[in-house]
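Trainee: I am sharing target14.cif, which consists of mmCIF, C-alpha atoms:
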```
data_my_file
loop_
_atom_site.label_atom_id
_atom_site.label_comp_id
_atom_site.auth_asym_id
_atom_site.auth_seq_id
_atom_site.Cartn_x
_atom_site.Cartn_y
_atom_site.Cartn_z
CA MET Y 256 135.25 23.79 92.01
CA THR Y 257 132.68 26.52 91.52
CA THR Y 258 132.58 30.10 90.26
CA ILE Y 259 132.80 32.79 92.92
CA THR Y 260 132.09 36.44 93.54
CA THR Y 261 134.19 38.74 95.72
CA ARG Y 262 133.76 42.11 97.34
CA THR Y 263 135.52 44.45 99.73
CA VAL Y 264 133.97 44.94 103.16
CA THR Y 265 134.77 47.72 105.62
CA TYR Y 266 134.22 47.62 109.36
CA ARG Y 267 135.64 49.11 112.56
CA ALA Y 268 138.11 47.35 114.84
CA ASP Y 269 141.05 48.41 117.02
CA ASN Y 270 140.12 52.08 116.41
CA LEU Y 271 140.73 51.58 112.68
CA THR Y 272 138.62 51.19 109.58
CA MET Y 273 139.42 47.66 108.48
CA ILE Y 274 139.18 46.57 104.84
CA GLY Y 275 138.48 42.88 104.43
CA HIS Y 276 138.05 40.61 101.41
CA LEU Y 277 134.88 38.52 101.22
CA ALA Y 278 134.64 35.62 98.77
CA LEU Y 279 131.36 33.84 98.04
CA PRO Y 280 130.61 30.63 96.16
CA THR Y 281 127.90 30.50 93.55
CA GLY Y 282 124.31 29.98 94.65
CA ALA Y 283 121.94 31.53 97.15
CA GLY Y 284 121.84 29.12 100.09
CA ARG Y 285 123.75 29.28 103.32
CA ARG Y 286 127.21 27.77 103.34
CA PRO Y 287 129.81 26.90 105.98
CA ALA Y 288 132.23 29.78 106.42
CA VAL Y 289 135.90 30.39 107.16
CA LEU Y 290 137.63 33.36 108.75
CA VAL Y 291 141.10 33.83 107.22
CA GLY Y 292 143.72 35.71 109.26
CA PRO Y 293 146.86 37.20 107.67
CA GLU Y 294 150.48 37.31 108.76
CA GLY Y 295 151.62 40.25 110.87
CA THR Y 296 152.45 42.24 107.75
CA GLY Y 297 148.73 42.46 107.09
CA LEU Y 298 146.16 41.49 104.50
CA SER Y 299 147.68 40.89 101.08
CA ASP Y 300 146.82 39.19 97.82
CA VAL Y 301 148.16 35.95 99.33
CA GLU Y 302 145.32 35.80 101.85
CA ARG Y 303 142.81 37.12 99.33
CA ARG Y 304 143.69 34.26 96.98
CA ARG Y 305 143.31 31.78 99.83
CA ALA Y 306 139.85 33.13 100.59
CA ASP Y 307 139.03 32.82 96.89
CA ALA Y 308 140.29 29.23 96.85
CA LEU Y 309 138.06 28.39 99.80
CA ALA Y 310 135.08 29.96 98.04
CA GLU Y 311 135.86 27.85 94.97
CA LEU Y 312 135.56 24.80 97.21
CA GLY Y 313 132.16 26.03 98.42
CA TYR Y 314 132.89 28.00 101.60
CA VAL Y 315 132.04 31.60 102.38
CA ALA Y 316 135.43 33.10 103.26
CA LEU Y 317 136.46 36.40 104.81
CA ALA Y 318 140.13 37.40 104.77
CA PHE Y 319 140.27 39.97 107.54
CA ASP Y 320 142.41 43.06 108.02
CA LEU Y 321 144.89 43.85 110.79
CA HIS Y 322 146.13 47.36 110.08
CA GLY Y 323 143.34 49.51 108.70
CA GLY Y 324 143.98 48.71 105.05
CA ARG Y 325 147.76 48.95 105.30
CA TYR Y 326 150.36 46.31 104.45
CA LEU Y 327 153.39 46.75 106.72
CA GLY Y 328 156.29 45.72 104.51
CA ASP Y 329 158.88 47.31 106.79
CA PRO Y 330 159.78 44.70 109.45
CA GLU Y 331 160.39 47.27 112.17
CA GLU Y 332 157.05 48.96 111.57
CA MET Y 333 155.30 45.59 111.56
CA LEU Y 334 156.92 44.54 114.85
CA ALA Y 335 156.15 47.89 116.46
CA ARG Y 336 152.44 47.28 115.83
CA CYS Y 337 152.24 43.50 116.21
CA MET Y 338 154.28 42.90 119.35
CA PRO Y 339 151.98 44.98 121.60
CA LEU Y 340 148.99 43.40 119.86
CA LEU Y 341 150.25 39.86 120.50
CA ALA Y 342 150.79 40.77 124.15
CA ASP Y 343 147.17 41.89 124.53
CA PRO Y 344 144.65 39.03 124.19
CA ASP Y 345 141.70 41.37 124.57
CA ARG Y 346 142.80 43.50 121.60
CA MET Y 347 143.29 40.38 119.51
CA ARG Y 348 139.85 39.15 120.47
CA ASP Y 349 138.27 42.48 119.60
CA ILE Y 350 139.83 42.36 116.12
CA GLY Y 351 138.70 38.77 115.69
CA HIS Y 352 135.17 39.38 116.93
CA ALA Y 353 134.74 42.40 114.64
CA ALA Y 354 135.67 40.29 111.61
CA LEU Y 355 133.56 37.40 112.84
CA ASP Y 356 130.56 39.71 113.14
CA VAL Y 357 131.00 40.71 109.48
CA LEU Y 358 131.21 37.06 108.42
CA ARG Y 359 128.16 36.08 110.47
CA ALA Y 360 126.16 39.00 109.06
CA GLU Y 361 126.70 37.78 105.49
CA PRO Y 362 123.39 36.16 104.41
CA ARG Y 363 125.24 33.28 102.71
CA THR Y 364 126.98 32.29 105.98
CA ASP Y 365 125.67 29.47 108.13
CA PRO Y 366 126.39 31.07 111.54
CA ASP Y 367 126.56 27.68 113.24
CA ARG Y 368 129.28 26.37 110.92
CA ILE Y 369 132.31 28.65 111.03
CA ALA Y 370 136.02 27.85 111.26
CA ALA Y 371 139.03 30.12 111.67
CA ILE Y 372 142.37 29.68 109.94
CA GLY Y 373 145.27 32.07 110.17
CA TYR Y 374 148.94 32.75 109.74
CA GLY Y 375 151.22 34.38 112.31
CA THR Y 376 149.32 37.19 114.02
CA GLY Y 377 146.11 36.23 112.20
CA GLY Y 378 146.46 32.69 113.51
CA ALA Y 379 147.01 33.97 117.04
CA ILE Y 380 143.75 35.91 116.74
CA GLY Y 381 141.95 32.72 115.72
CA LEU Y 382 143.31 30.96 118.79
CA GLU Y 383 142.20 33.82 121.02
CA LEU Y 384 138.68 33.52 119.64
CA GLY Y 385 138.78 29.90 120.70
CA ARG Y 386 140.12 30.79 124.14
CA ASP Y 387 137.26 33.29 124.40
CA GLY Y 388 134.77 30.45 124.00
CA VAL Y 389 133.58 31.24 120.47
CA GLY Y 390 131.71 28.28 118.99
CA LEU Y 391 134.03 27.57 116.07
CA ARG Y 392 134.09 24.22 114.26
CA ALA Y 393 137.88 24.23 113.78
CA ILE Y 394 140.96 26.40 114.26
CA GLY Y 395 143.92 26.02 111.92
CA THR Y 396 147.12 28.03 112.31
CA VAL Y 397 150.56 28.33 110.75
CA ASN Y 398 153.42 30.05 112.60
CA ALA Y 399 151.13 30.93 115.51
CA LEU Y 400 152.14 28.80 118.48
CA THR Y 401 151.02 31.38 121.00
CA THR Y 402 149.95 30.52 124.51
CA GLY Y 403 147.10 32.23 126.31
CA ARG Y 404 146.15 33.27 129.80
CA PRO Y 405 146.11 30.41 132.32
CA GLY Y 406 143.09 28.16 132.05
CA GLU Y 407 141.45 29.87 129.11
CA ALA Y 408 142.36 27.19 126.58
CA ALA Y 409 139.73 25.02 128.30
CA ARG Y 410 137.16 27.21 126.55
CA ILE Y 411 138.28 25.95 123.12
CA ARG Y 412 135.45 23.76 121.86
CA CYS Y 413 136.82 22.54 118.54
CA PRO Y 414 139.84 20.74 117.09
CA VAL Y 415 143.01 22.80 116.75
CA TRP Y 416 145.60 22.15 114.04
CA ALA Y 417 148.92 23.99 114.10
CA GLY Y 418 151.75 23.99 111.59
CA VAL Y 419 155.31 25.25 112.08
CA GLY Y 420 158.67 25.07 110.34
CA SER Y 421 161.33 23.03 112.12
CA GLU Y 422 163.87 25.84 111.60
CA ASP Y 423 161.59 28.69 112.59
CA PRO Y 424 163.60 30.79 115.06
CA ILE Y 425 160.50 32.71 116.17
CA MET Y 426 158.44 29.61 116.98
CA SER Y 427 161.19 27.89 118.99
CA PRO Y 428 161.08 24.29 120.30
CA ALA Y 429 160.37 25.72 123.76
CA GLN Y 430 157.42 27.63 122.38
CA ARG Y 431 156.15 24.50 120.65
CA GLU Y 432 156.33 22.62 123.93
CA ALA Y 433 154.51 25.38 125.82
CA PHE Y 434 151.75 25.48 123.22
CA THR Y 435 151.22 21.73 123.11
CA ALA Y 436 151.33 21.52 126.92
CA GLU Y 437 148.62 24.19 127.13
CA MET Y 438 146.42 22.39 124.61
CA GLN Y 439 146.93 19.00 126.28
CA ALA Y 440 146.24 20.29 129.78
CA ALA Y 441 143.02 21.89 128.53
CA GLY Y 442 141.80 18.67 126.93
CA VAL Y 443 141.79 20.19 123.44
CA ASP Y 444 141.73 17.93 120.37
CA TRP Y 445 145.03 19.24 118.98
CA ARG Y 446 147.56 18.38 116.29
CA LEU Y 447 150.97 19.87 115.53
CA ALA Y 448 152.67 19.45 112.15
CA VAL Y 449 156.38 20.27 112.00
CA TYR Y 450 157.64 20.85 108.46
CA GLY Y 451 161.25 19.79 108.20
CA GLY Y 452 163.72 22.47 107.11
CA ALA Y 453 161.10 25.22 106.88
CA LEU Y 454 161.65 28.73 108.26
CA HIS Y 455 159.16 31.26 109.63
CA ALA Y 456 156.47 32.31 107.12
CA PHE Y 457 157.40 29.32 104.94
CA HIS Y 458 153.86 29.39 103.53
CA HIS Y 459 154.14 32.96 102.20
CA PRO Y 460 155.55 33.48 98.68
CA SER Y 461 158.62 35.69 98.46
CA VAL Y 462 157.99 39.42 98.54
CA ASP Y 463 160.02 42.34 97.25
CA HIS Y 464 160.67 44.00 100.59
CA THR Y 465 163.34 43.30 103.19
CA VAL Y 466 162.62 40.34 105.45
CA ARG Y 467 164.15 39.41 108.75
CA PRO Y 468 166.63 36.52 109.15
CA GLY Y 469 164.91 33.21 109.68
CA VAL Y 470 162.05 34.05 107.34
CA GLY Y 471 161.76 32.25 104.01
CA TYR Y 472 159.36 30.64 101.55
CA HIS Y 473 159.29 26.86 101.14
CA PRO Y 474 156.99 26.12 98.20
CA LEU Y 475 156.66 22.38 98.83
CA HIS Y 476 155.80 22.74 102.49
CA ALA Y 477 153.51 25.67 101.67
CA GLN Y 478 151.49 23.34 99.45
CA ARG Y 479 151.51 20.63 102.12
CA ALA Y 480 150.34 23.04 104.83
CA TRP Y 481 147.51 24.24 102.61
CA ARG Y 482 146.42 20.65 101.95
CA ASP Y 483 146.50 20.00 105.69
CA ILE Y 484 144.28 23.04 106.35
CA VAL Y 485 141.82 22.01 103.64
CA GLY Y 486 141.80 18.53 105.17
CA LEU Y 487 141.02 19.99 108.59
CA LEU Y 488 138.07 21.90 107.09
CA ALA Y 489 136.85 18.82 105.24
CA GLU Y 490 136.86 16.89 108.51
CA CYS Y 491 135.36 19.53 110.81
CA LEU Y 492 133.36 21.70 108.41
CA PRO Y 493 132.23 19.33 105.64
CA LEU Y 494 130.57 20.64 102.54
CA THR Y 495 127.33 19.21 101.20
CA CYS Y 496 127.10 18.34 97.52
CA SER Y 497 124.58 21.08 96.72
CA LEU Y 498 125.62 24.71 96.41
CA ALA Y 499 122.05 25.96 96.01
#
```
Give the structure from this file in structure tokens form.

Mentor:
Amino acid sequence: MTTITTRTVTYRADNLTMIGHLALPTGAGRRPAVLVGPEGTGLSDVERRRADALAELGYVALAFDLHGGRYLGDPEEMLARCMPLLADPDRMRDIGHAALDVLRAEPRTDPDRIAAIGYGTGGAIGLELGRDGVGLRAIGTVNALTTGRPGEAARIRCPVWAGVGSEDPIMSPAQREAFTAEMQAAGVDWRLAVYGGALHAFHHPSVDHTVRPGVGYHPLHAQRAWRDIVGLLAECLPLTCSLA
């Protein structure tokens, strides 16, 4: 572990002023970097802490914004914004590219060693960056078994890891099959982890606003999914011993 510094970054995307959270490890040299995408509710302290944890390991990490600095705790408001977004790959890619540009512009970032991880809508954005041919080293997602436009998964040039709860009513078995069929047909190096008994957003600690049925926190599987993501990064985006 290492000490870190953090700062807020603002940038434009989707006709909004986005407010991201950048976390940097100690030192002055370039480091591998990770783009961290939030659930559909938007950037929260959960994703900020994950970016911080990655910086403690030695990565530059940017937790990016979805809603112009807002956290959409009302499920209906969140769905009203996210459903059209998820149906529009080009919008998702624009949001992802804008955040990626910020991460690449950070002097501590090694622009040739970047991975994307994400949850829900943020994970779908990471996948769309891959389908757009971005040279990522790895893509890791939870609750984001989205499929893309025909043939575009062949542009993914890195391993893809996906995690989902077995009892997630939003990521149904049919959706799992469609996602894995897309990855397999495209020749992607893919893995799918199904966490037994877990619901949608099982990785996200309980919040004080109303949640939809089928959504729930599973602390044990949340820890396991995080270890799996860190393992993916260790395999595909290894850290050197020196943090200089």

Trainee: Under the rule that all atoms listed in the file are counted, which of Y:Pro414, Y:Gly351, Y:Gly292, Y:Gly377 is the nearest residue to Y:Leu488?

Mentor: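 That would be Y:Pro414, the residue with the smallest distance to Y:Leu488.
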
Trainee: Taking into account all atoms listed in the file, which residue in the set Y:Val470, Y:Ala353, Y:Ala409, Y:Leu454 is nearest to Y:Gly275?

Mentor: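 Result for the nearest residue to Y:Gly275: Y:Ala353.
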
Trainee: Given all atoms listed in the file, how would the per-residue table for stretch 263-355 of chain Y near stretch 388-400 of chain Y read, listing every residue at most 12 Å away with its closest atom pair and distance in Å to one decimal, sorted by chain and number, as a Markdown table?

Mentor:
```
| residue | atom | partner | partner_atom | distance |
| --- | --- | --- | --- | --- |
| Y:Pro287 | CA | Y:Arg392 | CA | 9.7 |
| Y:Ala288 | CA | Y:Arg392 | CA | 9.8 |
| Y:Val289 | CA | Y:Ala393 | CA | 9.3 |
| Y:Leu290 | CA | Y:Ile394 | CA | 9.5 |
| Y:Val291 | CA | Y:Gly395 | CA | 9.5 |
| Y:Gly292 | CA | Y:Thr396 | CA | 8.9 |
| Y:Pro293 | CA | Y:Val397 | CA | 10.1 |
| Y:Glu294 | CA | Y:Asn398 | CA | 8.7 |
| Y:Gly295 | CA | Y:Ala399 | CA | 10.4 |
| Y:Leu341 | CA | Y:Ala399 | CA | 10.3 |
| Y:Arg348 | CA | Y:Val389 | CA | 10.1 |
| Y:Gly351 | CA | Y:Val389 | CA | 10.3 |
| Y:His352 | CA | Y:Val389 | CA | 9.0 |
| Y:Leu355 | CA | Y:Val389 | CA | 9.8 |
```

Trainee: Do a neighbour search on stretch 432-446 of chain Y at 7 Å with all atoms listed in the file, toss out local chain neighbours closer than 4 positions, and write the hits as number ranges by chain.

Mentor: Y: 400-402, 408-409, 411, 413-417, 428

Trainee: Need the shell around Y:Arg286: protein/DNA/RNA residues with any atom at most 7 Å away, counting all atoms listed in the file. Skip same-chain ones fewer than 4 positions apart. Format as a list in words?

Mentor: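 The residues satisfying every condition are Tyr314, Val315, Arg363, Thr364 and Asp365 of chain Y.
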
Trainee: To one decimal in Å, tell me the separation between atom CA of Y:His459 and atom CA of Y:Arg359.

Mentor: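 It comes out at 27.4 Å.
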
Trainee: Convert the output of the PyMOL selection byres ((chain Y and resi 321) around 6) on the shown file into explicit residues, formatted as a tab-separated table (two decimals) with C-alpha atoms, in the frame of the given file.

Mentor:
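Dumped to expr_25.tsv:
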```tsv
chain	number	residue	atom	x	y	z
Y	297	GLY	CA	148.73	42.46	107.09
Y	320	ASP	CA	142.41	43.06	108.02
Y	322	HIS	CA	146.13	47.36	110.08
```

Trainee: Go ahead and compute the interatomic distance for atom CA of Y:Pro424 and atom CA of Y:His458, in Å to one decimal.

Mentor: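 Going from atom CA of Y:Pro424 over to atom CA of Y:His458 covers 15.2 Å.
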
Trainee: Have a look at Y:Ala453, Y:Gly403, Y:Met273, Y:Thr376 and name the one nearest to Y:Pro339; count all atoms listed in the file.

Mentor: Y:Thr376

Trainee: Enter the distance from atom CA of Y:Gly282 to atom CA of Y:Gly381, in Å, rounded to one decimal.

Mentor: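 Rounded to one decimal, the two atoms are 27.6 Å apart.
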
Trainee: With only C-alpha atoms as the basis for distance, which of Y:Glu302, Y:Met338, Y:Asp356, Y:Glu361 is at the shortest distance from Y:Ala283?

Mentor: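 Closest to Y:Ala283, using only C-alpha atoms: Y:Glu361.
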
Trainee: Return the single residue from Y:Ala306, Y:Leu317, Y:Val419, Y:Thr296 that is closest to Y:Ala335, with distances computed using all atoms listed in the file.

Mentor: Y:Thr296

Trainee: Show me, as a list in words, the residues that have an atom within 12 Å of Y:Gly324 when counting only C-alpha atoms, minus same-chain residues fewer than 5 positions from it.

Mentor: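 Near Y:Gly324, the qualifying residues are Thr263, Val264, Thr265, Tyr266, Arg267, Ala268, Leu271, Thr272, Met273, Ile274, Gly275, His276, Thr296, Gly297, Leu298, Ser299, Ala318 and Phe319 of chain Y.
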
Trainee: So which one's closest to Y:Leu382, Y:Pro405, Y:Pro330, Y:Gly420, Y:Pro344? Using all atoms listed in the file, please.

Mentor: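 When distances to Y:Leu382 are compared using all atoms listed in the file, the smallest one comes from Y:Pro344.
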
Trainee: Given the file above and the PyMOL selection byres ((chain Y and resi 468) around 10), which residues are selected, and can you give them as a list of chain:residue names?

Mentor: Y:Asp423, Y:Pro424, Y:Leu454, Y:His455, Y:Thr465, Y:Val466, Y:Arg467, Y:Gly469, Y:Val470, Y:Gly471

Trainee: Could you tell me which residues the PyMOL selection byres ((chain Y and resi 279) around 9) returns for this structure, as a PyMOL selection string?

Mentor: chain Y and resi 258-262+277-278+280-282+306-307+309-311+313-317+363
